[in-house]
Structure formats: C-alpha cells, structure tokens
>>> print(open('work.cif').read())   # mmCIF, C-alpha atoms and all ligand atoms
data_final
#
loop_
_atom_site.group_PDB
_atom_site.id
_atom_site.type_symbol
_atom_site.label_atom_id
_atom_site.label_comp_id
_atom_site.auth_asym_id
_atom_site.auth_seq_id
_atom_site.Cartn_x
_atom_site.Cartn_y
_atom_site.Cartn_z
ATOM 1 C CA MET A 947 119.861 104.166 94.880
ATOM 2 C CA LYS A 948 118.118 102.397 97.770
ATOM 3 C CA ARG A 949 114.581 101.201 97.130
ATOM 4 C CA ILE A 950 112.056 99.376 99.283
ATOM 5 C CA ILE A 951 109.220 97.355 97.828
ATOM 6 C CA VAL A 952 106.719 96.031 100.336
ATOM 7 C CA THR A 953 104.646 93.293 98.793
ATOM 8 C CA ASP A 954 103.248 89.899 99.722
ATOM 9 C CA ASP A 955 104.541 88.753 96.365
ATOM 10 C CA ILE A 956 108.267 89.140 97.042
ATOM 11 C CA PHE A 957 109.229 85.903 95.293
ATOM 12 C CA LYS A 958 107.478 86.737 92.020
ATOM 13 C CA THR A 959 108.805 90.299 92.188
ATOM 14 C CA ALA A 960 112.306 88.917 92.784
ATOM 15 C CA ALA A 961 111.954 86.327 90.004
ATOM 16 C CA ASP A 962 110.818 88.991 87.533
ATOM 17 C CA ARG A 963 113.711 91.257 88.556
ATOM 18 C CA PHE A 964 116.175 88.334 88.301
ATOM 19 C CA ALA A 965 114.988 87.601 84.742
ATOM 20 C CA ASP A 966 115.264 91.273 83.740
ATOM 21 C CA LEU A 967 118.766 91.592 85.195
ATOM 22 C CA ALA A 968 119.871 88.350 83.548
ATOM 23 C CA ARG A 969 118.617 89.502 80.147
ATOM 24 C CA THR A 970 120.328 92.901 80.521
ATOM 25 C CA ALA A 971 123.654 91.388 81.624
ATOM 26 C CA ILE A 972 123.682 88.693 78.946
ATOM 27 C CA ASN A 973 122.844 91.236 76.231
ATOM 28 C CA ALA A 974 125.562 93.597 77.493
ATOM 29 C CA ARG A 975 128.359 91.192 78.500
ATOM 30 C CA GLY A 976 127.367 87.742 77.324
ATOM 31 C CA ARG A 977 126.824 86.331 80.806
ATOM 32 C CA PHE A 978 125.074 86.892 84.144
ATOM 33 C CA ASP A 979 127.184 86.518 87.287
ATOM 34 C CA VAL A 980 125.098 86.090 90.411
ATOM 35 C CA ALA A 981 125.980 85.443 94.058
ATOM 36 C CA ARG A 982 123.085 83.677 95.707
ATOM 37 C CA ALA A 983 121.779 84.037 99.225
ATOM 38 C CA GLY A 984 121.664 81.105 101.592
ATOM 39 C CA GLY A 985 119.240 80.359 104.388
ATOM 40 C CA THR A 986 115.629 79.342 103.873
ATOM 41 C CA THR A 987 113.872 82.461 102.541
ATOM 42 C CA PRO A 988 115.264 82.367 98.988
ATOM 43 C CA LYS A 989 114.279 78.694 98.478
ATOM 44 C CA SER A 990 110.849 79.810 97.176
ATOM 45 C CA LEU A 991 112.542 82.172 94.730
ATOM 46 C CA TYR A 992 114.841 79.463 93.427
ATOM 47 C CA ARG A 993 111.916 77.078 92.986
ATOM 48 C CA MET A 994 109.985 79.793 91.088
ATOM 49 C CA LEU A 995 112.963 80.444 88.803
ATOM 50 C CA ALA A 996 113.189 76.718 88.071
ATOM 51 C CA SER A 997 109.495 76.599 87.087
ATOM 52 C CA GLU A 998 107.539 78.066 84.191
ATOM 53 C CA PRO A 999 107.258 80.801 83.125
ATOM 54 C CA HIS A 1000 110.546 82.078 84.572
ATOM 55 C CA ARG A 1001 112.646 79.071 83.557
ATOM 56 C CA LEU A 1002 111.803 79.883 79.931
ATOM 57 C CA LYS A 1003 112.712 83.568 80.262
ATOM 58 C CA ILE A 1004 116.396 83.107 81.071
ATOM 59 C CA ASP A 1005 119.302 81.780 78.967
ATOM 60 C CA TRP A 1006 120.535 79.566 81.820
ATOM 61 C CA ALA A 1007 123.625 78.431 79.882
ATOM 62 C CA LYS A 1008 124.979 81.963 80.375
ATOM 63 C CA VAL A 1009 124.281 82.257 84.105
ATOM 64 C CA PHE A 1010 127.167 81.693 86.548
ATOM 65 C CA PHE A 1011 126.370 80.961 90.164
ATOM 66 C CA PHE A 1012 128.412 81.891 93.195
ATOM 67 C CA PHE A 1013 127.452 81.803 96.868
ATOM 68 C CA GLY A 1014 127.346 84.859 99.107
ATOM 69 C CA ASP A 1015 128.202 82.628 102.028
ATOM 70 C CA GLU A 1016 128.466 79.046 103.160
ATOM 71 C CA ARG A 1017 128.620 76.976 106.294
ATOM 72 C CA PHE A 1018 131.592 74.774 107.209
ATOM 73 C CA VAL A 1019 129.803 71.566 106.262
ATOM 74 C CA PRO A 1020 130.170 69.059 103.400
ATOM 75 C CA PHE A 1021 128.465 70.233 100.213
ATOM 76 C CA ASN A 1022 125.828 67.490 100.566
ATOM 77 C CA ASP A 1023 125.026 68.335 104.204
ATOM 78 C CA PRO A 1024 121.408 69.444 104.890
ATOM 79 C CA LYS A 1025 122.805 72.725 106.276
ATOM 80 C CA SER A 1026 124.797 73.462 103.104
ATOM 81 C CA ASN A 1027 123.714 76.467 101.050
ATOM 82 C CA PHE A 1028 125.094 74.696 98.002
ATOM 83 C CA ARG A 1029 122.871 71.667 98.649
ATOM 84 C CA MET A 1030 119.786 73.903 98.964
ATOM 85 C CA ALA A 1031 120.656 75.558 95.646
ATOM 86 C CA ASP A 1032 121.428 72.238 93.990
ATOM 87 C CA GLU A 1033 118.053 70.774 94.987
ATOM 88 C CA SER A 1034 115.926 73.871 94.304
ATOM 89 C CA LEU A 1035 117.583 75.238 91.170
ATOM 90 C CA PHE A 1036 120.659 73.545 89.675
ATOM 91 C CA ARG A 1037 119.272 70.011 89.281
ATOM 92 C CA PRO A 1038 115.786 71.060 88.128
ATOM 93 C CA LEU A 1039 117.384 73.309 85.468
ATOM 94 C CA GLY A 1040 120.251 70.964 84.590
ATOM 95 C CA ILE A 1041 122.846 73.655 85.301
ATOM 96 C CA ALA A 1042 126.325 72.475 84.246
ATOM 97 C CA GLU A 1043 128.956 72.090 86.963
ATOM 98 C CA SER A 1044 131.179 74.527 85.047
ATOM 99 C CA GLN A 1045 128.608 77.247 85.795
ATOM 100 C CA ILE A 1046 128.554 76.629 89.538
ATOM 101 C CA PHE A 1047 131.239 77.897 91.917
ATOM 102 C CA ARG A 1048 130.734 76.495 95.398
ATOM 103 C CA TRP A 1049 132.921 77.077 98.456
ATOM 104 C CA PRO A 1050 135.363 74.100 98.689
ATOM 105 C CA THR A 1051 134.213 73.142 102.191
ATOM 106 C CA GLU A 1052 135.756 69.657 101.864
ATOM 107 C CA GLU A 1053 139.066 71.364 102.668
ATOM 108 C CA PRO A 1054 140.074 70.987 106.347
ATOM 109 C CA ASN A 1055 141.415 74.526 106.797
ATOM 110 C CA PRO A 1056 138.868 77.400 106.877
ATOM 111 C CA ALA A 1057 141.413 80.025 105.810
ATOM 112 C CA SER A 1058 142.418 78.009 102.737
ATOM 113 C CA ILE A 1059 138.740 77.535 101.822
ATOM 114 C CA ALA A 1060 138.287 81.320 101.737
ATOM 115 C CA GLU A 1061 141.551 81.808 99.807
ATOM 116 C CA ARG A 1062 140.649 79.158 97.239
ATOM 117 C CA TYR A 1063 137.222 80.692 96.765
ATOM 118 C CA ALA A 1064 138.719 84.162 96.281
ATOM 119 C CA THR A 1065 140.995 82.677 93.605
ATOM 120 C CA SER A 1066 138.108 81.003 91.790
ATOM 121 C CA ILE A 1067 136.176 84.297 91.819
ATOM 122 C CA ALA A 1068 139.208 86.238 90.576
ATOM 123 C CA SER A 1069 139.906 83.827 87.731
ATOM 124 C CA HIS A 1070 136.263 83.841 86.645
ATOM 125 C CA PHE A 1071 136.346 87.639 86.447
ATOM 126 C CA ALA A 1072 139.940 87.818 85.157
ATOM 127 C CA ALA A 1073 138.723 88.783 81.711
ATOM 128 C CA GLN A 1074 137.245 91.949 83.168
ATOM 129 C CA SER A 1075 139.712 94.793 83.426
ATOM 130 C CA THR A 1076 138.425 95.972 86.819
ATOM 131 C CA ASP A 1077 140.609 95.397 89.892
ATOM 132 C CA CYS A 1078 137.770 94.053 92.000
ATOM 133 C CA PRO A 1079 135.342 91.494 90.551
ATOM 134 C CA ARG A 1080 131.856 92.845 89.920
ATOM 135 C CA PHE A 1081 128.781 90.629 90.231
ATOM 136 C CA ASP A 1082 125.723 91.557 88.229
ATOM 137 C CA LEU A 1083 123.554 90.566 91.161
ATOM 138 C CA VAL A 1084 124.114 89.701 94.812
ATOM 139 C CA LEU A 1085 121.068 88.209 96.506
ATOM 140 C CA LEU A 1086 121.028 88.576 100.294
ATOM 141 C CA GLY A 1087 118.894 87.467 103.193
ATOM 142 C CA LEU A 1088 118.578 89.150 106.575
ATOM 143 C CA GLY A 1089 119.088 87.415 109.901
ATOM 144 C CA GLU A 1090 117.049 88.431 112.955
ATOM 145 C CA ASP A 1091 120.281 89.763 114.495
ATOM 146 C CA GLY A 1092 120.969 91.956 111.457
ATOM 147 C CA HIS A 1093 123.534 89.691 109.822
ATOM 148 C CA THR A 1094 123.611 89.235 106.084
ATOM 149 C CA ALA A 1095 125.571 86.675 104.108
ATOM 150 C CA SER A 1096 127.799 85.509 106.974
ATOM 151 C CA LEU A 1097 128.704 88.996 108.134
ATOM 152 C CA PHE A 1098 127.609 88.782 111.763
ATOM 153 C CA PRO A 1099 127.331 91.569 114.351
ATOM 154 C CA GLU A 1100 130.455 92.534 116.349
ATOM 155 C CA THR A 1101 132.763 90.268 114.322
ATOM 156 C CA ALA A 1102 136.096 90.923 112.628
ATOM 157 C CA ALA A 1103 134.407 90.081 109.310
ATOM 158 C CA LEU A 1104 132.893 93.574 109.284
ATOM 159 C CA ALA A 1105 136.326 95.185 109.173
ATOM 160 C CA GLU A 1106 137.591 93.222 106.165
ATOM 161 C CA PHE A 1107 137.939 95.759 103.367
ATOM 162 C CA THR A 1108 140.785 94.179 101.398
ATOM 163 C CA ALA A 1109 140.012 90.524 100.753
ATOM 164 C CA THR A 1110 136.974 89.525 98.701
ATOM 165 C CA THR A 1111 136.208 86.466 100.841
ATOM 166 C CA LEU A 1112 136.735 85.479 104.455
ATOM 167 C CA ALA A 1113 136.445 82.699 106.969
ATOM 168 C CA CYS A 1114 135.143 83.742 110.360
ATOM 169 C CA PHE A 1115 134.533 81.742 113.546
ATOM 170 C CA VAL A 1116 131.141 82.998 114.755
ATOM 171 C CA GLU A 1117 131.131 82.655 118.562
ATOM 172 C CA LYS A 1118 127.339 82.830 118.875
ATOM 173 C CA LEU A 1119 126.985 79.923 116.460
ATOM 174 C CA GLY A 1120 130.027 78.060 117.728
ATOM 175 C CA ALA A 1121 130.843 77.486 114.081
ATOM 176 C CA TRP A 1122 132.984 78.662 111.176
ATOM 177 C CA ARG A 1123 131.246 80.592 108.420
ATOM 178 C CA PHE A 1124 132.429 81.722 104.985
ATOM 179 C CA SER A 1125 131.324 84.960 103.361
ATOM 180 C CA LEU A 1126 131.883 87.434 100.597
ATOM 181 C CA THR A 1127 133.104 90.692 102.123
ATOM 182 C CA PHE A 1128 131.534 94.131 102.002
ATOM 183 C CA PRO A 1129 133.876 95.374 99.228
ATOM 184 C CA LEU A 1130 132.840 92.548 96.910
ATOM 185 C CA ILE A 1131 129.147 92.720 97.786
ATOM 186 C CA ASN A 1132 129.086 96.504 97.445
ATOM 187 C CA ARG A 1133 130.715 96.383 93.999
ATOM 188 C CA ALA A 1134 127.737 94.497 92.601
ATOM 189 C CA ARG A 1135 125.655 96.218 89.934
ATOM 190 C CA THR A 1136 122.532 95.219 91.850
ATOM 191 C CA VAL A 1137 121.947 93.948 95.387
ATOM 192 C CA ILE A 1138 118.565 92.537 96.352
ATOM 193 C CA PHE A 1139 117.555 91.716 99.927
ATOM 194 C CA LEU A 1140 114.762 89.187 100.211
ATOM 195 C CA VAL A 1141 113.041 89.416 103.620
ATOM 196 C CA SER A 1142 109.948 87.581 104.730
ATOM 197 C CA GLY A 1143 108.031 86.933 107.934
ATOM 198 C CA GLU A 1144 106.859 88.543 111.137
ATOM 199 C CA LYS A 1145 110.046 87.438 112.954
ATOM 200 C CA LYS A 1146 112.073 89.896 110.827
ATOM 201 C CA ALA A 1147 109.934 92.983 111.613
ATOM 202 C CA ASP A 1148 112.192 94.293 114.412
ATOM 203 C CA VAL A 1149 115.430 93.889 112.457
ATOM 204 C CA VAL A 1150 113.884 95.390 109.312
ATOM 205 C CA ARG A 1151 112.967 98.484 111.347
ATOM 206 C CA ASP A 1152 116.582 98.626 112.649
ATOM 207 C CA VAL A 1153 118.119 98.249 109.189
ATOM 208 C CA PHE A 1154 116.522 101.549 108.181
ATOM 209 C CA ASP A 1155 117.271 103.296 111.479
ATOM 210 C CA PRO A 1156 120.474 105.408 111.207
ATOM 211 C CA ASP A 1157 120.940 105.174 115.004
ATOM 212 C CA HIS A 1158 122.101 101.567 114.534
ATOM 213 C CA SER A 1159 125.760 100.971 113.644
ATOM 214 C CA VAL A 1160 126.948 98.539 111.002
ATOM 215 C CA SER A 1161 128.668 96.642 113.784
ATOM 216 C CA ALA A 1162 125.294 96.078 115.420
ATOM 217 C CA ILE A 1163 123.305 95.623 112.200
ATOM 218 C CA PRO A 1164 125.747 94.465 109.482
ATOM 219 C CA ALA A 1165 123.058 94.625 106.779
ATOM 220 C CA ARG A 1166 123.369 98.428 107.146
ATOM 221 C CA GLY A 1167 126.850 98.105 105.663
ATOM 222 C CA VAL A 1168 125.525 96.994 102.297
ATOM 223 C CA GLU A 1169 125.546 99.690 99.615
ATOM 224 C CA SER A 1170 125.029 99.568 95.904
ATOM 225 C CA ASP A 1171 124.137 101.762 92.932
ATOM 226 C CA ASP A 1172 121.026 99.614 92.742
ATOM 227 C CA LEU A 1173 119.982 98.370 96.202
ATOM 228 C CA LEU A 1174 116.530 96.856 96.445
ATOM 229 C CA PHE A 1175 114.809 95.586 99.587
ATOM 230 C CA LEU A 1176 111.968 93.195 98.790
ATOM 231 C CA ILE A 1177 110.025 92.824 102.042
ATOM 232 C CA ASP A 1178 106.694 91.175 102.701
ATOM 233 C CA ARG A 1179 104.064 92.976 104.771
ATOM 234 C CA PRO A 1180 104.573 91.051 108.046
ATOM 235 C CA ALA A 1181 108.296 91.841 107.950
ATOM 236 C CA ALA A 1182 107.690 95.474 106.965
ATOM 237 C CA ARG A 1183 105.080 96.339 109.583
ATOM 238 C CA LEU A 1184 107.464 98.356 111.842
ATOM 239 C CA ILE A 1185 109.220 100.379 109.141
ATOM 240 C CA ASP A 1186 108.898 104.114 109.757
ATOM 241 C CA PRO A 1187 106.354 105.256 107.118
ATOM 242 C CA GLU A 1188 108.667 108.190 106.303
ATOM 243 C CA LYS A 1189 111.387 105.718 105.338
ATOM 244 C CA LEU A 1190 108.926 103.976 103.068
ATOM 245 C CA ASN A 1191 108.006 107.243 101.336
ATOM 246 C CA GLU A 1192 111.665 108.226 100.945
ATOM 247 C CA ASN A 1193 112.664 104.894 99.431
ATOM 248 C CA SER A 1194 109.577 103.280 98.043
ATOM 249 C CA ALA A 1195 109.820 102.028 94.490
ATOM 250 C CA ALA A 1196 107.058 101.683 91.980
HETATM 251 C C1 LIG A 1201 122.866 81.686 105.707
HETATM 252 C C2 LIG A 1201 122.525 82.945 105.002
HETATM 253 C C3 LIG A 1201 122.098 83.991 105.949
HETATM 254 C C4 LIG A 1201 120.604 84.095 105.767
HETATM 255 C C5 LIG A 1201 119.954 84.752 106.940
HETATM 256 C C6 LIG A 1201 118.435 84.683 106.806
HETATM 257 O O1 LIG A 1201 123.759 80.985 105.263
HETATM 258 O O2 LIG A 1201 122.136 81.409 106.668
HETATM 259 O O3 LIG A 1201 123.154 83.320 103.982
HETATM 260 O O4 LIG A 1201 122.687 85.238 105.812
HETATM 261 O O5 LIG A 1201 120.342 84.822 104.571
HETATM 262 O O6 LIG A 1201 120.359 84.060 108.100
HETATM 263 O O7 LIG A 1201 118.101 83.319 106.809
HETATM 264 P P1 LIG A 1201 116.569 82.848 106.578
HETATM 265 O O8 LIG A 1201 116.241 83.199 105.167
HETATM 266 O O9 LIG A 1201 116.619 81.368 106.817
HETATM 267 O O10 LIG A 1201 115.729 83.604 107.583
#
>>> encode(input="work.cif", output="structure tokens", more="lines below")
Ligand code: 6PG
Amino acid sequence: MKRIIVTDDIFKTAADRFADLARTAINARGRFDVARAGGTTPKSLYRMLASEPHRLKIDWAKVFFFFGDERFVPFNDPKSNFRMADESLFRPLGIAESQIFRWPTEEPNPASIAERYATSIASHFAAQSTDCPRFDLVLLGLGEDGHTASLFPETAALAEFTATTLACFVEKLGAWRFSLTFPLINRARTVIFLVSGEKKADVVRDVFDPDHSVSAIPARGVESDDLLFLIDRPAARLIDPEKLNENSAA
C-alpha cells in the first residue's frame, strides 16, 4: 500500500512511526532491523529520535542499524553517511558497535566493499529462513534528480535484481557510490521516504507521475507492502491533487 502524508511535521511523524515500528518488530521478532537514509534531510529525524520523548520509547539495545547507501569516503569523513549517523544518533544514544553495520569503505576496492557488506547483511539475517534478508524498515531520501539511496538515473545499478548490494561509479558525481539494491529495499516490511523543501517539488511531482520511467526517476522503482511518503508542504506543492486523494493517509 502506497500512502502520502503531507505535513510540515514530517520529522515528528517519522519519529512516531519509527517508534511504533520498532515496538512492533521487537515484540514480534525480538529486534528491529533498520536501513537508514543518508544525505541531510534525515538528520533532524535522527536528532529527534535521540532526544526525549522518543529516546525513551524505544528499546535501543534491540535496534540494528544498516545503511541504505554510502559514499566512497573514510567513515570519519564529513561526507560519510555513517559519520552523520554516528554524530546525530549512535553517540547520543550510546549504541553499541555490535548493533551498527557500516559499509567497510576503508577497503580499497569498491566491488569488495559491496560484497563484504552483502555478507554482513546475510549473516545478520541468517537466522531468518527467508532467502532474501528482510528489513523491518528502510528509510529513504529523494534526490532532486529522482535518485534514492545511491540508485541514480540511467545507471546499471537500476538493473541489479540479484545482488543485495552494489558498487556503482556515478558519472555525474565523478565518484563511486554504494547502495542496497531494489530487491533488498523492496523486501522491507516498511519503506518510508522523508522529503523536505521547495527544491524537491518538481521531483516529487515526477515520482507520482506514471509517465516517468524508473530509469529516469529511480525512486519510482521502490515498492513495498507498506510504502509511506512523508513530504512537507513546500515539497508537495506540485503533486496532482488526485494523487493525493488516491494515496493520502490519515
Ligand atoms: C545520500 C543519500 C541520498 C539522499 C538524497 C537526498 O547518500 O546522499 O542517501 O539518496 O537521500 O540525495 O539528500 P538530501 O536529504 O541531502 O536532500
């Protein structure tokens, strides 16, 4: 089910949803496996989760953190998604290293980084009988060009339907990127997009426009039994009102 919530309070809405999903997963399976989004938008969410009241609502010792994508930089580089998470959430909450699975970007070879990360995901989920690991939650952002995680338009990454992770040289960035693939993202029990700001209005309109291909707007390739778009008003201003009616959530 695809739902759209337009609200200026996307971070509180996301934090409440995160706490609910964590409680449900921990009650059902004893842990909460989440793949976090990178970029700048989710920083406010992570800070909210690390503050009261949300920090008190979640049994953090049973939350396991993965990364939807990462840049090819050292883990303490200002551009690193791990570093952003470490500063905004892991350190403030005292999350144990054993609960954090970062991409091993200290490795020199991009392909081996992706392979090693796929292995660490597989071994974490090994106890589950399913063939493909299943996150309880994948948090995603949305780039102005329609990319999500590090699945960029017109790249080979969009055609990866076997591996769970990949390394991709993104020409437009002139840089390597690492990402979970569509199969792994789309297996998640819940996927939440967190989108904020006037600059995203055009791409948000395109995400909901069936005339745009996944190759052009990779975020359109994300599916889930529980797919929620949390979008603030400036970013939502160009959405076709019909789309909002079809998919709006309470
Ligand atoms: C990354 C992200 C990427 C991000 C979008 C939106 O590593 O950059 O994972 O997919 O979510 O680019 O980024 P902002 O939130 O900074 O706009």
>>> closest_residue(input="work.cif", among="A:Glu998, A:Glu1144, A:Asp1172, A:Asp1157", to="ligand LIG 1201 (chain A)", atoms="only C-alpha atoms and all ligand atoms")
A:Glu1144
>>> axis_aligned_box(input="work.cif", around="ligand LIG 1201 (chain A)", padding_each_side="3 Å", output="JSON")
{"center_x": 119.7, "center_y": 83.1, "center_z": 106.0, "size_x": 14.0, "size_y": 10.3, "size_z": 10.1}
>>> resolve_selection(input="work.cif", expression="the PyMOL selection byres (((chain A and resi 1183) around 9) and not hetatm)", output="PyMOL selection string")
chain A and resi 1144+1147-1148+1150-1151+1178-1182+1184-1186
>>> residues_near_ligand(input="work.cif", ligand="ligand LIG 1201 (chain A)", cutoff="8 Å", atoms="all atoms listed in the file", output="list in words")
Ala983, Gly984, Gly985, Thr986, Thr987, Pro988, Gly1014, Asp1015, Glu1016, Arg1017, Ser1026, Asn1027, Leu1086, Gly1087, Leu1088, Gly1089, Glu1090, His1093, Thr1094, Ala1095, Ser1096, Leu1097, Leu1140, Val1141, Ser1142 and Lys1146 of chain A
>>> closest_atom_pairs(input="work.cif", of="stretch 1073-1186 of chain A", to="stretch 965-973 of chain A", cutoff="9 Å", atoms="all atoms listed in the file", output="JSON lines")
{"residue": "A:Asp1082", "atom": "CA", "partner": "A:Ala971", "partner_atom": "CA", "distance": 6.9}
{"residue": "A:Leu1083", "atom": "CA", "partner": "A:Leu967", "partner_atom": "CA", "distance": 7.7}
{"residue": "A:Thr1136", "atom": "CA", "partner": "A:Leu967", "partner_atom": "CA", "distance": 8.5}
>>> write_last_selection(input="work.cif", atoms="C-alpha atoms", output="PDB file, in the frame of the given file")
ATOM      1  CA  ASP A1082     125.723  91.557  88.229  1.00  0.00           C
ATOM      2  CA  LEU A1083     123.554  90.566  91.161  1.00  0.00           C
ATOM      3  CA  THR A1136     122.532  95.219  91.850  1.00  0.00           C
TER       4      THR A1136
END
>>> resolve_selection(input="work.cif", expression="the PyMOL selection byres (((chain A and resi 1066) around 12) and not hetatm)", output="short mmCIF file (atom, residue, chain, number, x, y, z; two decimals) with C-alpha atoms, keeping the file's coordinate frame")
data_model
loop_
_atom_site.label_atom_id
_atom_site.label_comp_id
_atom_site.auth_asym_id
_atom_site.auth_seq_id
_atom_site.Cartn_x
_atom_site.Cartn_y
_atom_site.Cartn_z
CA PHE A 1011 126.37 80.96 90.16
CA PHE A 1012 128.41 81.89 93.20
CA PHE A 1013 127.45 81.80 96.87
CA SER A 1044 131.18 74.53 85.05
CA GLN A 1045 128.61 77.25 85.80
CA ILE A 1046 128.55 76.63 89.54
CA PHE A 1047 131.24 77.90 91.92
CA ARG A 1048 130.73 76.50 95.40
CA TRP A 1049 132.92 77.08 98.46
CA PRO A 1050 135.36 74.10 98.69
CA ILE A 1059 138.74 77.54 101.82
CA ALA A 1060 138.29 81.32 101.74
CA GLU A 1061 141.55 81.81 99.81
CA ARG A 1062 140.65 79.16 97.24
CA TYR A 1063 137.22 80.69 96.76
CA ALA A 1064 138.72 84.16 96.28
CA THR A 1065 141.00 82.68 93.60
CA ILE A 1067 136.18 84.30 91.82
CA ALA A 1068 139.21 86.24 90.58
CA SER A 1069 139.91 83.83 87.73
CA HIS A 1070 136.26 83.84 86.64
CA PHE A 1071 136.35 87.64 86.45
CA ALA A 1072 139.94 87.82 85.16
CA PRO A 1079 135.34 91.49 90.55
CA THR A 1110 136.97 89.52 98.70
CA THR A 1111 136.21 86.47 100.84
#
>>> resolve_selection(input="work.cif", expression="the PyMOL selection byres (((chain A and resi 1119) around 12) and not hetatm)", output="NGL selection string")
:A and (1017-1018 or 1096 or 1098-1099 or 1114-1118 or 1120-1123)
>>> atom_distance(input="work.cif", atom1="atom CA of A:Met947", atom2="atom CA of A:Ser1170")
7.0 Å
